[in-house]
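Below: one structure, written as structure tokens.
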Amino acid sequence: MTIERKVGMGIAGQPSGGATDVAEVFSTHLYTGTGSSLAINNGIDLAGEGGLVWIKDRGTASFSDNTVSHDGAGFMQTHATYGTTVSSQYISAFNSNGFSVGTSRSESTHDYASWTFRKKEKFFTCLTYTGNGSGQTISHDLDGEIGMMLIKRTSETGGWAVYHKSLGTGKYLELSANYAQQNSSVHWSNVGSTSFTVGTEYDTNRSGATYVAYLFADNSSEDAEDQMIKCGSYSGTGGSGVTVNLGWEAQWVMVKKSSATSDWKLMDNMRGMPTPSGGRSLKANDATAEGGDSTIRSDSRGFTIYPGSTFDASGTYLWMAIRAPLMVEPKAATDVFAIDTAGSVSAAAPNFRSTFPVDTALRMDTGGGANYIASRLTQGEYLSPQTTGAAVSTSVFQFDYSNGWDTRTGTVATRYAYMWKRAKGFMDCVAFFGSGSAKTIPHSLGVAPELLIVKRRSATEDWTVWPSAGNFLNLNDNSAINVASSNIWNLTDPTQSLFSVGTSNRTNASGSDYIAYLFATLAGISKVGSYTGNGSYQTIPCGFSAGSRFILIKRTDATGDWYIWDTTRGIVSGNDPHFSLNTTAAQVTSNDSVDPHNSGFIVNQVAATNINVSSGTYIFYAIA
């Protein structure tokens with residue numbers, strides 16, 4: 001069974017019996033208000049399929065209510081108990097590619113977080129019903145185990161009653177309040193995969209009142225490759241931290257302490273769940289603005305509660321987590337890779353623009369100077385590929401946007417950014433901690449990486465590049481390939497889910513922080529490969545149809561820089577500007593080392609770069 005398959009039809013024409021890319025049914029979308037009505041394009045079909053939109057003003061406490069809508073017209077607020085209000089000034093429409101908001105959710109210069117849940121079997125559904133006061137069974141179309149359920153009286157004031165599978169039917173929580181779990185035998189019973197029963201409690205079944213129920217699945221019993229959402233619980237350690245293993249990386253997590261008073265905390269990878277700290281959280285149960293938060297860190301196989309954080313204190317905690325969008329391969333290179341110059345699209349932030357959320361960025365300047373690599377997983381810091389230095393903190397290298405990165409404004413035409421989105425089969429980024437003992441590191445690339453780059457972030461160390469299990473290269477210099485001892489890669493080739501590190505400080509010093517960048521060949525989109533020089537010119541086929549937008553080449557049998565060419569600066573039949581990734585030199589424009597070719601690119605032997613010396617060996621990475 002494969003992730004991409006789609007068989008049969010289910011709810012409202014949705015695919016059934018197979019996996020849907022989580023990106024088709026869930027989105028965290030960040031936007032800035034304009035003071036006017038605004039259409040939010042997050043790629044989710046709400047008009048055709050239905051769903052739930054949840055919006056929170058991030059920065060202004062007096063406006064930071066939690067606005068939710070399941071019909072694109074009326075809205076309620078999760079921190080308040082009143083019923084449905086109809087107003088086009090809040091959420092005004094559900095669209096085929098997202099939703100529209102009015103001025104009350106588009107205040108000028110206000111920053112917003114939005115979370116969209118599309119109806120999809122085994123993920124999420126919502127329904128309405130009328131209470132009868134004496135108990136009734138409500139059918140639903142989730143077609144799977146209910147992990148968490150929210151019920152709200154829409155016709156009048158009433159609490160937000162919360163069912164969670166870890167509590168069972170004899171207890172409930174209140175979404176609009178921070179109190180601990182409460183006992184109840186009249187809220188609900190018989191919560192199943194096709195129906196649930198509500199009792200005599202006013203918050204779930206008052207006679208004549210109308211209700212909405214939001215049902216979130218738990219995929220624990222589904223095939224691992226099909227899972228998109230899970231619900232569960234953990235016990236705080238009182239200071240040692242907790243790792244929740246989902247089998248996949250979490251992009252969105254909601255946590256609530258059930259055994260005592262606690263807020264409902266919301267964190268996502270768009271606003272930040274970085275390693276080791278610097279995240280941002282919001283609360284479902286109050287109208288406060290966003291705050292800095294290092295409670296939750298996203299991991300390759302789930303999420304981690306930081307040791308000593310407020311959600312690591314002794315007690316029981318409930319959670320709901322949604323899978324990161326790494327389930328299917330991208331269809332086009334433009335969906336996962338972009339090149340931009342600072343301020344070319346707009347003088348407003350983000351300074352570098354893309355049509356997708358950026359996960360990793362490489363910034364270079366045609367006039368020379370330091371080069372920088374930064375990532376969403378470690379946002380707020382950068383590494384320089386031309387040095388051995390540790391990560392450096394910065395307030396400007398932020399990925400807190402849905403359409404780019406870097407908080408600065410203004411135009412700097414000499415600054416170039418290469419931007420990658422993590423995607424199955426294309427590229428992945430993993431932050432991990434060293435142990436000093438040989439071990440494997442999980443990743444989400446879905447195929448064995450063909451180019452693997454590791455850098456120690458917390459101390460000075462060479463950049464280490466994997467071209468094969470017994471060898472390594474330095475990214476920060478022009479040296480030839482080295483024969484690696486077993487203590488770097490543990491003499492083990494990476495697999496589709498793991499790569500190995502030995503005991504070397506380069507890749508696995510005890511107590512150190514690391515980051516790894518993983519690249520692979522994806523038909524028609526990217527190519528990692530090698531070639532032998534012929535001393536003249538030759539075509540390097542990559543399986544593309546319109547040539548390469550980005551080319552990285554390194555000679556491995558002798559010294560040679562890590563050269564970069566791109567179509568924005570020019571890959572033409574004449575001279576082509578190139579950068580050297582491992583130096584601070586300005587771009588060189590005076591030689592014709594590469595030429596365009598529809599299937600990939602052409603390399604020419606010129607003394608300036610020596611990228612086609614007879615019998616020389618080379619590795620390359622190209623993007624269509």
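Labels for the structure tokens follow display order: chains A, B, ..., residues from 1 in each chain, ligands from 1.
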Near Glu174 (chain A), counting only C-alpha atoms, which residues have an atom at most 9 Å away, once you skip same-chain residues fewer than 3 positions from it, shown as a PDB file with N, CA and C atoms, in the first residue's frame?
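Final output, out_1.pdb:
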ATOM      1  N   LEU A 150     -15.227  17.784  20.576  1.00  0.00           N
ATOM      2  CA  LEU A 150     -15.680  19.022  21.189  1.00  0.00           C
ATOM      3  C   LEU A 150     -17.153  19.201  20.867  1.00  0.00           C
ATOM      4  N   GLY A 159     -21.111  25.689  27.788  1.00  0.00           N
ATOM      5  CA  GLY A 159     -19.693  25.357  27.815  1.00  0.00           C
ATOM      6  C   GLY A 159     -19.263  24.523  26.620  1.00  0.00           C
ATOM      7  N   TRP A 160     -17.929  24.474  26.413  1.00  0.00           N
ATOM      8  CA  TRP A 160     -17.316  23.628  25.401  1.00  0.00           C
ATOM      9  C   TRP A 160     -16.943  22.296  26.075  1.00  0.00           C
ATOM     10  N   ALA A 161     -17.753  21.285  25.885  1.00  0.00           N
ATOM     11  CA  ALA A 161     -17.505  19.987  26.510  1.00  0.00           C
ATOM     12  C   ALA A 161     -16.511  19.194  25.671  1.00  0.00           C
ATOM     13  N   VAL A 162     -15.477  18.647  26.330  1.00  0.00           N
ATOM     14  CA  VAL A 162     -14.410  17.938  25.626  1.00  0.00           C
ATOM     15  C   VAL A 162     -14.359  16.481  26.070  1.00  0.00           C
ATOM     16  N   ALA A 177     -12.081  26.704  29.629  1.00  0.00           N
ATOM     17  CA  ALA A 177     -11.592  26.886  31.001  1.00  0.00           C
ATOM     18  C   ALA A 177     -10.335  26.050  31.200  1.00  0.00           C
ATOM     19  N   ASN A 178      -9.614  26.317  32.280  1.00  0.00           N
ATOM     20  CA  ASN A 178      -8.346  25.626  32.512  1.00  0.00           C
ATOM     21  C   ASN A 178      -8.436  24.565  33.594  1.00  0.00           C
ATOM     22  N   TYR A 179      -9.657  24.260  34.077  1.00  0.00           N
ATOM     23  CA  TYR A 179      -9.726  23.345  35.196  1.00  0.00           C
ATOM     24  C   TYR A 179      -9.454  21.893  34.801  1.00  0.00           C
ATOM     25  N   ALA A 180      -9.228  21.080  35.823  1.00  0.00           N
ATOM     26  CA  ALA A 180      -8.875  19.677  35.624  1.00  0.00           C
ATOM     27  C   ALA A 180     -10.080  18.872  35.160  1.00  0.00           C
ATOM     28  N   GLN A 181      -9.838  17.622  34.830  1.00  0.00           N
ATOM     29  CA  GLN A 181     -10.898  16.713  34.403  1.00  0.00           C
ATOM     30  C   GLN A 181     -11.972  16.599  35.463  1.00  0.00           C
ATOM     31  N   GLN A 182     -13.207  16.442  35.009  1.00  0.00           N
ATOM     32  CA  GLN A 182     -14.356  16.310  35.905  1.00  0.00           C
ATOM     33  C   GLN A 182     -15.068  14.996  35.617  1.00  0.00           C
ATOM     34  N   ASN A 285      -8.016  28.516  25.581  1.00  0.00           N
ATOM     35  CA  ASN A 285      -8.981  28.846  26.629  1.00  0.00           C
ATOM     36  C   ASN A 285      -8.940  30.294  27.099  1.00  0.00           C
TER      37      ASN A 285
END
Give me the residues near Gln398 (chain A) as number ranges by chain, where near means some atom within 9 Å (using only C-alpha atoms) and where sequence neighbours in that chain fewer than 2 positions away do not count. A: 350, 374-376, 379-381, 394-396, 400-401, 405-407
Go ahead and dump the residues you just picked, N, CA and C atoms, as a PDB file, in the first residue's frame.
ATOM      1  N   PRO A 350       8.063  39.036   4.638  1.00  0.00           N
ATOM      2  CA  PRO A 350       9.441  38.533   4.677  1.00  0.00           C
ATOM      3  C   PRO A 350      10.291  39.088   3.548  1.00  0.00           C
ATOM      4  N   ALA A 374      20.158  28.726   7.201  1.00  0.00           N
ATOM      5  CA  ALA A 374      19.223  28.780   8.324  1.00  0.00           C
ATOM      6  C   ALA A 374      18.054  27.849   8.034  1.00  0.00           C
ATOM      7  N   SER A 375      17.358  27.420   9.091  1.00  0.00           N
ATOM      8  CA  SER A 375      16.300  26.425   8.944  1.00  0.00           C
ATOM      9  C   SER A 375      15.147  26.704   9.898  1.00  0.00           C
ATOM     10  N   ARG A 376      13.965  26.282   9.482  1.00  0.00           N
ATOM     11  CA  ARG A 376      12.782  26.414  10.331  1.00  0.00           C
ATOM     12  C   ARG A 376      12.959  25.645  11.638  1.00  0.00           C
ATOM     13  N   GLN A 379      15.080  27.936  13.812  1.00  0.00           N
ATOM     14  CA  GLN A 379      14.956  29.341  13.462  1.00  0.00           C
ATOM     15  C   GLN A 379      15.419  30.241  14.598  1.00  0.00           C
ATOM     16  N   GLY A 380      15.956  31.405  14.191  1.00  0.00           N
ATOM     17  CA  GLY A 380      16.563  32.306  15.153  1.00  0.00           C
ATOM     18  C   GLY A 380      18.059  32.109  15.265  1.00  0.00           C
ATOM     19  N   GLU A 381      18.629  31.291  14.374  1.00  0.00           N
ATOM     20  CA  GLU A 381      20.074  31.104  14.342  1.00  0.00           C
ATOM     21  C   GLU A 381      20.517  30.782  12.919  1.00  0.00           C
ATOM     22  N   THR A 394      20.355  35.020  15.946  1.00  0.00           N
ATOM     23  CA  THR A 394      19.990  36.256  15.261  1.00  0.00           C
ATOM     24  C   THR A 394      18.485  36.444  15.343  1.00  0.00           C
ATOM     25  N   SER A 395      18.059  37.669  15.417  1.00  0.00           N
ATOM     26  CA  SER A 395      16.629  37.955  15.501  1.00  0.00           C
ATOM     27  C   SER A 395      15.973  38.040  14.132  1.00  0.00           C
ATOM     28  N   VAL A 396      16.764  38.073  13.066  1.00  0.00           N
ATOM     29  CA  VAL A 396      16.190  38.313  11.743  1.00  0.00           C
ATOM     30  C   VAL A 396      15.970  37.047  10.918  1.00  0.00           C
ATOM     31  N   ASP A 400       8.875  32.496  10.321  1.00  0.00           N
ATOM     32  CA  ASP A 400       7.536  32.655  10.856  1.00  0.00           C
ATOM     33  C   ASP A 400       6.592  33.243   9.808  1.00  0.00           C
ATOM     34  N   TYR A 401       6.594  32.656   8.613  1.00  0.00           N
ATOM     35  CA  TYR A 401       5.794  33.130   7.489  1.00  0.00           C
ATOM     36  C   TYR A 401       5.338  31.926   6.665  1.00  0.00           C
ATOM     37  N   TRP A 405      10.900  33.965   4.247  1.00  0.00           N
ATOM     38  CA  TRP A 405      11.647  33.975   5.503  1.00  0.00           C
ATOM     39  C   TRP A 405      12.426  35.293   5.604  1.00  0.00           C
ATOM     40  N   ASP A 406      12.974  35.595   6.774  1.00  0.00           N
ATOM     41  CA  ASP A 406      13.781  36.775   7.083  1.00  0.00           C
ATOM     42  C   ASP A 406      12.877  37.964   7.392  1.00  0.00           C
ATOM     43  N   THR A 407      13.019  38.499   8.605  1.00  0.00           N
ATOM     44  CA  THR A 407      12.126  39.555   9.094  1.00  0.00           C
ATOM     45  C   THR A 407      12.451  40.934   8.542  1.00  0.00           C
TER      46      THR A 407
END
All strand (DSSP E or B) positions in region 258-353 of chain A, as a PyMOL selection string: chain A and resi 265-268+279-283+291-293+296-299+302-305+316-323+337-342+352-353
Considering only C-alpha atoms, return as a list in words whatever protein or nucleic-acid residues lie within 10 Å of His164 (chain A), sequence-local ones (same chain, fewer than 6 positions apart) excluded.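 What passes the distance filter is Ile146, Gly147, Met148, Met149, Leu150, Lys171, Tyr172, Leu173, Phe216, Cys231, Gly232, Ser233, Leu318, Trp319 and Met320 of chain A.
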Those same residues - C-alpha atoms - I'd like them written as an mmCIF file, in the first residue's frame.
data_model
loop_
_atom_site.group_PDB
_atom_site.id
_atom_site.type_symbol
_atom_site.label_atom_id
_atom_site.label_comp_id
_atom_site.auth_asym_id
_atom_site.auth_seq_id
_atom_site.Cartn_x
_atom_site.Cartn_y
_atom_site.Cartn_z
ATOM 1 C CA ILE A 146 -12.733 9.305 17.888
ATOM 2 C CA GLY A 147 -9.619 10.571 19.608
ATOM 3 C CA MET A 148 -11.069 13.868 20.754
ATOM 4 C CA MET A 149 -14.503 15.464 20.499
ATOM 5 C CA LEU A 150 -15.680 19.022 21.189
ATOM 6 C CA LYS A 171 -15.004 12.204 32.438
ATOM 7 C CA TYR A 172 -14.887 15.479 30.536
ATOM 8 C CA LEU A 173 -12.877 18.670 30.198
ATOM 9 C CA PHE A 216 -10.997 14.452 15.595
ATOM 10 C CA CYS A 231 -4.503 11.500 20.372
ATOM 11 C CA GLY A 232 -3.020 10.209 23.599
ATOM 12 C CA SER A 233 -1.605 11.004 27.010
ATOM 13 C CA LEU A 318 -3.623 14.828 27.156
ATOM 14 C CA TRP A 319 -2.524 15.689 23.642
ATOM 15 C CA MET A 320 -3.620 15.749 20.026
#
Would you pick out the contacts of region 476-490 of chain A at 8 Å or less, using only C-alpha atoms, so that residues sharing its chain but fewer than 2 positions from it are not included, and give the list as an NGL selection string? :A and (385-388 or 438 or 462-463 or 466 or 469-474 or 492-493 or 500-504 or 506-508 or 555-562 or 581-583)
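The smallest atom-to-atom distance between Leu362 (chain A) and any of A:Ala607, A:Ala332, A:Ala417, A:Leu445, using only C-alpha atoms, is found for A:Ala417.
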Tell me which of A:Thr414, A:Ser36, A:Thr409, A:Gln538 sits closest to Gly343 (chain A), counting only C-alpha atoms.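 When distances to Gly343 (chain A) are compared using only C-alpha atoms, the smallest one comes from A:Thr409.
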Considering only C-alpha atoms, return as a PyMOL selection string whatever protein or nucleic-acid residues lie within 12 Å of Glu249 (chain A), sequence-local ones (same chain, fewer than 6 positions apart) excluded. chain A and resi 227-230+243+268-269+273+297-304+321-327+377+428-431+442-445
